[in-house]
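Visitor: This is the content of my_file_14.tsv (TSV, C-alpha atoms and all ligand atoms):
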chain	number	residue	atom	x	y	z
B	1	MET	CA	-13.81	-2.19	82.49
B	2	ASP	CA	-15.32	-5.56	83.32
B	3	ALA	CA	-15.39	-9.18	82.14
B	4	ALA	CA	-17.36	-8.26	79.02
B	5	ASP	CA	-14.36	-6.21	77.77
B	6	MET	CA	-12.04	-9.20	78.03
B	7	GLY	CA	-13.16	-11.17	75.01
B	8	THR	CA	-13.84	-14.81	75.83
B	9	ASP	CA	-11.15	-15.34	78.49
B	10	LEU	CA	-13.23	-14.15	81.43
B	11	ALA	CA	-16.47	-15.93	82.29
B	12	LYS	CA	-17.92	-13.22	84.53
B	13	THR	CA	-17.21	-10.29	86.81
B	14	LEU	CA	-17.40	-11.37	90.44
B	15	LEU	CA	-16.47	-8.01	92.01
B	16	SER	CA	-16.38	-4.73	90.13
B	17	GLU	CA	-13.82	-1.98	90.61
B	18	GLU	CA	-16.43	0.07	92.46
B	19	GLU	CA	-17.39	-2.78	94.81
B	20	ILE	CA	-13.73	-3.37	95.68
B	21	ALA	CA	-13.14	0.35	96.30
B	22	ARG	CA	-16.17	0.67	98.57
B	23	ARG	CA	-15.18	-2.34	100.66
B	24	LEU	CA	-11.58	-1.12	101.00
B	25	ASP	CA	-12.95	2.21	102.33
B	26	GLU	CA	-14.80	0.30	105.04
B	27	MET	CA	-11.86	-1.94	105.90
B	28	ALA	CA	-9.49	1.05	106.15
B	29	ALA	CA	-11.88	2.90	108.47
B	30	GLU	CA	-12.04	-0.15	110.73
B	31	ILE	CA	-8.25	-0.58	110.74
B	32	ASP	CA	-7.72	3.12	111.55
B	33	ARG	CA	-10.08	2.79	114.52
B	34	ASP	CA	-8.36	-0.36	115.82
B	35	TYR	CA	-4.79	0.95	115.50
B	36	ALA	CA	-5.38	4.48	116.87
B	37	GLY	CA	-2.14	5.71	118.49
B	38	GLU	CA	-0.03	2.89	117.01
B	39	GLU	CA	2.16	2.48	113.97
B	40	ILE	CA	1.50	-0.39	111.58
B	41	LEU	CA	4.03	-2.49	109.71
B	42	LEU	CA	2.00	-3.41	106.66
B	43	VAL	CA	3.39	-6.63	105.19
B	44	GLY	CA	2.41	-7.42	101.63
B	45	VAL	CA	2.70	-10.90	100.25
B	46	LEU	CA	4.02	-10.69	96.70
B	47	ASN	CA	2.87	-10.83	94.02
B	48	GLY	CA	-0.86	-11.18	94.58
B	49	ALA	CA	-1.22	-8.51	97.27
B	50	VAL	CA	0.25	-5.60	95.28
B	51	MET	CA	-3.13	-4.06	94.45
B	52	VAL	CA	-4.50	-4.57	97.95
B	53	MET	CA	-1.35	-3.03	99.46
B	54	ALA	CA	-1.47	-0.02	97.16
B	55	ASP	CA	-5.18	0.64	97.50
B	56	LEU	CA	-5.60	-0.22	101.20
B	57	SER	CA	-2.49	1.69	102.34
B	58	ARG	CA	-3.60	4.84	100.52
B	59	ARG	CA	-6.85	4.78	102.48
B	60	LEU	CA	-5.20	4.46	105.90
B	61	SER	CA	-4.39	7.48	108.05
B	62	THR	CA	-2.62	5.40	110.72
B	63	PRO	CA	1.15	5.93	110.41
B	64	LEU	CA	2.67	2.92	108.70
B	65	ARG	CA	5.70	1.36	107.13
B	66	MET	CA	5.47	-1.12	104.29
B	67	ASP	CA	7.51	-4.24	103.69
B	68	TRP	CA	7.18	-7.19	101.36
B	69	MET	CA	7.60	-10.92	101.45
B	70	ALA	CA	7.53	-13.29	98.54
B	71	VAL	CA	6.58	-16.89	99.15
B	72	SER	CA	5.70	-19.59	96.71
B	73	SER	CA	2.87	-22.00	97.33
B	74	TYR	CA	1.29	-22.41	93.92
B	75	GLY	CA	2.73	-23.65	90.65
B	76	SER	CA	1.25	-22.50	87.39
B	77	GLY	CA	-1.96	-24.46	87.97
B	78	THR	CA	-5.03	-23.74	90.07
B	79	LYS	CA	-4.36	-26.11	93.00
B	80	SER	CA	-2.40	-25.38	96.21
B	81	SER	CA	0.77	-27.44	96.54
B	82	GLY	CA	0.96	-26.97	100.32
B	83	VAL	CA	4.69	-26.35	100.02
B	84	VAL	CA	5.78	-22.87	101.12
B	85	ARG	CA	9.16	-21.44	100.28
B	86	ILE	CA	10.52	-17.94	101.08
B	87	LEU	CA	11.61	-16.31	97.82
B	88	LYS	CA	12.12	-12.89	99.40
B	89	ASP	CA	12.19	-12.16	103.12
B	90	LEU	CA	11.27	-8.89	104.88
B	91	ASN	CA	13.87	-6.10	105.02
B	92	THR	CA	12.50	-5.03	108.41
B	93	ASP	CA	13.23	-6.36	111.90
B	94	VAL	CA	9.66	-6.92	113.07
B	95	HIS	CA	10.47	-7.35	116.77
B	96	GLY	CA	8.05	-5.17	118.77
B	97	LYS	CA	6.16	-3.98	115.68
B	98	HIS	CA	2.44	-4.20	114.95
B	99	ILE	CA	2.35	-6.39	111.86
B	100	LEU	CA	-0.68	-6.28	109.61
B	101	ILE	CA	-0.41	-8.84	106.80
B	102	ALA	CA	-2.19	-7.71	103.64
B	103	GLU	CA	-3.34	-10.64	101.51
B	104	ASP	CA	-5.19	-10.96	98.26
B	105	ILE	CA	-6.93	-14.26	98.96
B	106	ILE	CA	-7.07	-17.07	101.48
B	107	ASP	CA	-8.01	-20.40	99.99
B	108	SER	CA	-6.65	-23.45	101.83
B	109	GLY	CA	-4.98	-21.05	104.29
B	110	LEU	CA	-1.81	-23.16	104.13
B	111	THR	CA	0.36	-20.25	103.00
B	112	LEU	CA	-1.00	-17.92	105.61
B	113	SER	CA	-0.82	-20.27	108.60
B	114	TRP	CA	2.77	-20.96	107.67
B	115	LEU	CA	3.45	-17.22	107.38
B	116	VAL	CA	1.79	-16.47	110.72
B	117	ARG	CA	3.96	-19.08	112.45
B	118	ASN	CA	7.06	-17.77	110.74
B	119	LEU	CA	6.43	-14.10	111.59
B	120	SER	CA	5.20	-14.83	115.13
B	121	SER	CA	8.52	-16.48	115.94
B	122	ARG	CA	10.15	-13.08	115.30
B	123	GLU	CA	8.21	-11.66	118.28
B	124	PRO	CA	6.20	-8.76	116.86
B	125	ALA	CA	4.09	-6.70	119.30
B	126	SER	CA	1.01	-7.96	117.47
B	127	LEU	CA	0.11	-9.73	114.26
B	128	LYS	CA	-3.17	-9.44	112.40
B	129	ILE	CA	-4.39	-10.37	108.93
B	130	ALA	CA	-6.30	-8.34	106.38
B	131	THR	CA	-7.43	-10.15	103.25
B	132	LEU	CA	-9.53	-8.92	100.38
B	133	LEU	CA	-10.94	-12.35	99.56
B	134	ARG	CA	-11.60	-15.53	101.46
B	135	LYS	CA	-12.79	-18.87	100.12
B	136	PRO	CA	-14.88	-21.42	102.09
B	137	ASP	CA	-11.97	-23.82	102.79
B	138	ALA	CA	-10.22	-21.10	104.82
B	139	ALA	CA	-12.67	-21.85	107.65
B	140	LYS	CA	-10.89	-25.20	108.19
B	141	VAL	CA	-7.60	-23.56	109.13
B	142	ASP	CA	-6.76	-22.20	112.50
B	143	VAL	CA	-5.88	-18.64	111.44
B	144	ASP	CA	-7.76	-15.67	112.77
B	145	VAL	CA	-8.59	-13.17	110.02
B	146	ALA	CA	-9.18	-9.74	111.57
B	147	TYR	CA	-10.28	-7.99	108.36
B	148	CYS	CA	-11.91	-9.75	105.42
B	149	GLY	CA	-13.21	-7.95	102.35
B	150	PHE	CA	-15.40	-10.58	100.76
B	151	ASP	CA	-16.26	-14.22	101.33
B	152	ILE	CA	-16.41	-15.68	97.84
B	153	PRO	CA	-17.52	-19.04	96.42
B	154	ASN	CA	-15.04	-21.81	95.72
B	155	GLU	CA	-14.12	-20.68	92.21
B	156	PHE	CA	-10.75	-19.78	90.71
B	157	VAL	CA	-10.65	-16.00	90.35
B	158	VAL	CA	-8.27	-13.62	88.60
B	159	GLY	CA	-7.66	-9.89	88.46
B	160	TYR	CA	-6.78	-7.20	90.98
B	161	GLY	CA	-3.39	-8.83	91.65
B	162	LEU	CA	-4.52	-12.43	91.18
B	163	ASP	CA	-3.05	-14.34	88.25
B	164	TYR	CA	-3.53	-17.39	86.16
B	165	ASP	CA	-0.11	-18.50	84.93
B	166	GLY	CA	1.21	-14.97	85.42
B	167	ARG	CA	-1.57	-13.24	83.51
B	168	TYR	CA	-4.57	-11.04	84.41
B	169	ARG	CA	-3.03	-9.44	87.54
B	170	ASN	CA	-3.59	-6.00	86.04
B	171	LEU	CA	-7.36	-6.30	85.69
B	172	PRO	CA	-9.01	-3.64	87.88
B	173	PHE	CA	-11.89	-6.02	88.74
B	174	ILE	CA	-12.09	-9.62	89.94
B	175	GLY	CA	-13.56	-12.24	87.66
B	176	THR	CA	-13.72	-15.94	86.96
B	177	LEU	CA	-11.92	-17.50	84.03
B	178	ALA	CA	-13.71	-19.24	81.20
B	179	PRO	CA	-12.96	-22.99	81.48
B	180	HIS	CA	-11.30	-23.08	78.03
B	181	VAL	CA	-8.46	-20.84	79.37
B	182	TYR	CA	-7.27	-23.48	81.83
B	183	GLY	CA	-8.20	-26.43	79.69
B	184	GLY	CA	-11.49	-27.22	81.46
D	201	LIG	P1	-3.78	-20.93	100.01
D	201	LIG	O1	-2.45	-21.34	100.56
D	201	LIG	O2	-4.63	-20.16	101.02
D	201	LIG	O3	-4.52	-22.11	99.44
D	201	LIG	O4	-3.54	-19.97	98.76
D	201	LIG	C1	-2.42	-19.19	98.70
D	201	LIG	C2	-2.26	-18.47	97.40
D	201	LIG	O5	-2.82	-19.20	96.32
D	201	LIG	C3	-2.93	-17.12	97.32
D	201	LIG	O6	-2.20	-16.10	97.94
D	201	LIG	C4	-3.03	-16.94	95.82
D	201	LIG	O7	-1.82	-16.47	95.32
D	201	LIG	C5	-3.29	-18.35	95.34
D	201	LIG	N1	-4.73	-18.56	95.11
D	201	LIG	C6	-5.64	-19.19	95.90
D	201	LIG	N2	-6.87	-19.16	95.35
D	201	LIG	C7	-6.74	-18.50	94.18
D	201	LIG	C8	-7.67	-18.11	93.14
D	201	LIG	O8	-8.89	-18.35	93.15
D	201	LIG	N3	-7.13	-17.41	92.09
D	201	LIG	C9	-5.82	-17.10	92.00
D	201	LIG	N4	-5.43	-16.43	90.93
D	201	LIG	N5	-4.92	-17.44	92.95
D	201	LIG	C10	-5.37	-18.13	94.02
D	202	MG	MG	-1.46	-14.04	98.29
D	203	MG	MG	-0.76	-17.12	91.60
Do you think you could lay out the structure here as structure tokens?
Ligand code: 5GP
Ligand code: MG
Ligand code: MG
Guide:
Amino acid sequence: MDAADMGTDLAKTLLSEEEIARRLDEMAAEIDRDYAGEEILLVGVLNGAVMVMADLSRRLSTPLRMDWMAVSSYGSGTKSSGVVRILKDLNTDVHGKHILIAEDIIDSGLTLSWLVRNLSSREPASLKIATLLRKPDAAKVDVDVAYCGFDIPNEFVVGYGLDYDGRYRNLPFIGTLAPHVYGG
């Protein structure tokens, strides 16, 4: 399935299912090497990171636990508000744990830098970030991304967990929306 199967809503496929799968294989191999002998607390940021969590975690052989946080930083539009609110906190006490945050995308990095500060104050043993996608603006923020799947252009993308107004999260590929969908 790709953008061509989606009628006129999707402008193009940016990353196919196969490209995503191959890159996740590589990222998982790297993470397994880096965490040898440790246990990971994989923290997924809802809702966008559900696919990354599911597909990355299944490729890891490092022992791990999973936990979830929900934060809100975007409204229903395509621009970051810069305001971060915890909608659901972790169930786990992260003190002394090796946190690996799994993210779908880093754009302005505002959400993530806030999250890193928040989780660091809980004194984990370590804290690293794995993101499937990163946009150019992320370079302006002072967050160190240990594992990045793809650096993508500054376009609004959907699919593989990423939504526009709640839709398209279930697409197995990542694509760009046709301008008419968001009123462009
Ligand atoms: P940031 O705070 O780094 O600007 O973005 C945080 C969140 O905004 C991401 O986790 C994601 O939910 C959303 N976001 C940023 N860029 C995009 C995009 O291109 N498409 C979609 N669907 N969401 C995005
Ligand atoms: Mg996210
Ligand atoms: Mg969203």
Visitor: Write out as a list in words each polymer residue whose atoms come within 7 Å of range 53-68 of chain B, counting only C-alpha atoms; drop sequence neighbours fewer than 2 positions from it.
Guide: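 The neighbour list is Leu24, Asp25, Ala28, Asp32, Tyr35, Ala36, Glu39, Ile40, Leu41, Leu42, Val43, Gly44, Val45, Leu46, Ala49, Val50, Met51, Ala70, Leu90, Asn91, Thr92 and Ala102 of chain B.
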Visitor: Select, from B:Asp137, B:Asp163, B:Asp9, B:Glu30, the residue with the minimum atom-to-atom distance to ligand MG 202 (chain D), counting all atoms listed in the file.
Guide: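 Going through B:Asp137, B:Asp163, B:Asp9, B:Glu30 one by one, the smallest distance to ligand MG 202 (chain D) is for B:Asp163.
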Visitor: Could you please extract the residues within 10 Å of ligand MG 202 (chain D), counting all atoms listed in the file, and hand them back as a ChimeraX atom specification?
Guide: /B:44-50,52,70-74,102-107,109,111-112,131-133,161-162
Visitor: Using all atoms listed in the file, which of the listed residues (B:Leu119, B:Ile31, B:Ala178, B:Val83) sits closest to ligand LIG 201 (chain D)?
Guide: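 Among B:Leu119, B:Ile31, B:Ala178, B:Val83, it is B:Val83 that comes nearest to ligand LIG 201 (chain D).
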Visitor: Considering all atoms listed in the file, state which residue in the set B:Lys140, B:His95, B:Lys135, B:His180 is at the smallest distance from ligand LIG 201 (chain D).
Guide: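 Closest candidate: B:Lys135.
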Visitor: List the spatial neighbours of Val158 in chain B as number ranges by chain - criterion: any atom at most 10 Å away, all atoms listed in the file, same-chain residues fewer than 2 positions off excluded.
Guide: B: 10, 13-14, 48, 155-156, 160-164, 167-171, 173-177
Visitor: Rounded to one decimal, what separation in Å do you get between CA of Arg23 in chain B and CA of Gly149 in chain B?
Guide: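 These two atoms are separated by 6.2 Å.
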Visitor: Ligand LIG 201 (chain D), all listed atoms, 5 Å padding on each side: what axis-aligned box centre and edge lengths in Å to one decimal come out, as lines of an AutoDock Vina configuration file?
Guide:
center_x = -5.4
center_y = -19.1
center_z = 96.0
size_x = 17.1
size_y = 16.0
size_z = 20.1
Visitor: Within 9 Å of Arg122 in chain B, counting only C-alpha atoms, which residues show up once you throw out same-chain ones fewer than 6 positions away? Write them as a list of chain:residue names, please.
Guide: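 So the residues in contact are B:Asp93, B:Val94, B:His95, B:Gly96.
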Visitor: Export C-alpha atoms of the chosen residues as a PDB file, in the coordinates of the input?
Guide:
ATOM      1  CA  ASP B  93      13.230  -6.360 111.900  1.00  0.00           C
ATOM      2  CA  VAL B  94       9.660  -6.920 113.070  1.00  0.00           C
ATOM      3  CA  HIS B  95      10.470  -7.350 116.770  1.00  0.00           C
ATOM      4  CA  GLY B  96       8.050  -5.170 118.770  1.00  0.00           C
TER       5      GLY B  96
END
Visitor: Taking into account only C-alpha atoms, which residue in the set B:Asp89, B:Glu26, B:Asp5, B:Glu17 is nearest to Asn118 in chain B?
Guide: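 With only C-alpha atoms as the atom set, the closest residue is B:Asp89.
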Visitor: Smallest atom-to-atom distance to Lys97 in chain B: which of B:Val181, B:Val141, B:Ile152, B:Ala125, using only C-alpha atoms?
Guide: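 Using only C-alpha atoms, the shortest distance to Lys97 in chain B belongs to B:Ala125.
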Visitor: What is the distance, in Å and to one decimal place, between atom C2 of ligand LIG 201 (chain D) and CA of Ser121 in chain B?
Guide: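 Taking atom C2 of ligand LIG 201 (chain D) and CA of Ser121 in chain B, their separation equals 21.5 Å.
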Visitor: Using all atoms listed in the file, pick whichever of B:Ser113, B:Ala146, B:Gly37, B:Leu15 has the shortest atom-to-atom distance to ligand LIG 201 (chain D).
Guide: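 Closest candidate: B:Ser113.
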Visitor: May I ask you to restore N, CA and C atoms in range 31-44 of chain B and write the result as a PDB file, in the coordinates of the input?
Guide:
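This went into rebuild-v2.pdb:
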ATOM      1  N   ILE B  31      -9.660  -0.429 110.352  1.00  0.00           N
ATOM      2  CA  ILE B  31      -8.250  -0.580 110.740  1.00  0.00           C
ATOM      3  C   ILE B  31      -7.761   0.683 111.447  1.00  0.00           C
ATOM      4  N   ASP B  32      -8.107   1.854 110.915  1.00  0.00           N
ATOM      5  CA  ASP B  32      -7.720   3.120 111.550  1.00  0.00           C
ATOM      6  C   ASP B  32      -8.261   3.206 112.984  1.00  0.00           C
ATOM      7  N   ARG B  33      -9.502   2.780 113.170  1.00  0.00           N
ATOM      8  CA  ARG B  33     -10.080   2.790 114.520  1.00  0.00           C
ATOM      9  C   ARG B  33      -9.298   1.860 115.450  1.00  0.00           C
ATOM     10  N   ASP B  34      -9.002   0.655 114.974  1.00  0.00           N
ATOM     11  CA  ASP B  34      -8.360  -0.360 115.820  1.00  0.00           C
ATOM     12  C   ASP B  34      -6.921  -0.016 116.171  1.00  0.00           C
ATOM     13  N   TYR B  35      -6.213   0.685 115.294  1.00  0.00           N
ATOM     14  CA  TYR B  35      -4.790   0.950 115.500  1.00  0.00           C
ATOM     15  C   TYR B  35      -4.523   2.384 115.972  1.00  0.00           C
ATOM     16  N   ALA B  36      -5.554   3.084 116.436  1.00  0.00           N
ATOM     17  CA  ALA B  36      -5.380   4.480 116.870  1.00  0.00           C
ATOM     18  C   ALA B  36      -4.212   4.585 117.847  1.00  0.00           C
ATOM     19  N   GLY B  37      -3.285   5.488 117.585  1.00  0.00           N
ATOM     20  CA  GLY B  37      -2.140   5.710 118.490  1.00  0.00           C
ATOM     21  C   GLY B  37      -0.962   4.786 118.237  1.00  0.00           C
ATOM     22  N   GLU B  38      -1.114   3.829 117.322  1.00  0.00           N
ATOM     23  CA  GLU B  38      -0.030   2.890 117.010  1.00  0.00           C
ATOM     24  C   GLU B  38       0.543   3.174 115.630  1.00  0.00           C
ATOM     25  N   GLU B  39       1.655   2.483 115.337  1.00  0.00           N
ATOM     26  CA  GLU B  39       2.160   2.480 113.970  1.00  0.00           C
ATOM     27  C   GLU B  39       2.096   1.053 113.434  1.00  0.00           C
ATOM     28  N   ILE B  40       1.673   0.936 112.192  1.00  0.00           N
ATOM     29  CA  ILE B  40       1.500  -0.390 111.580  1.00  0.00           C
ATOM     30  C   ILE B  40       2.715  -0.722 110.716  1.00  0.00           C
ATOM     31  N   LEU B  41       3.130  -1.988 110.749  1.00  0.00           N
ATOM     32  CA  LEU B  41       4.030  -2.490 109.710  1.00  0.00           C
ATOM     33  C   LEU B  41       3.166  -3.327 108.765  1.00  0.00           C
ATOM     34  N   LEU B  42       2.853  -2.749 107.630  1.00  0.00           N
ATOM     35  CA  LEU B  42       2.000  -3.410 106.660  1.00  0.00           C
ATOM     36  C   LEU B  42       2.873  -4.350 105.818  1.00  0.00           C
ATOM     37  N   VAL B  43       2.587  -5.645 105.911  1.00  0.00           N
ATOM     38  CA  VAL B  43       3.390  -6.630 105.190  1.00  0.00           C
ATOM     39  C   VAL B  43       2.577  -7.171 104.014  1.00  0.00           C
ATOM     40  N   GLY B  44       3.076  -6.934 102.828  1.00  0.00           N
ATOM     41  CA  GLY B  44       2.410  -7.420 101.630  1.00  0.00           C
ATOM     42  C   GLY B  44       3.042  -8.712 101.161  1.00  0.00           C
TER      43      GLY B  44
END
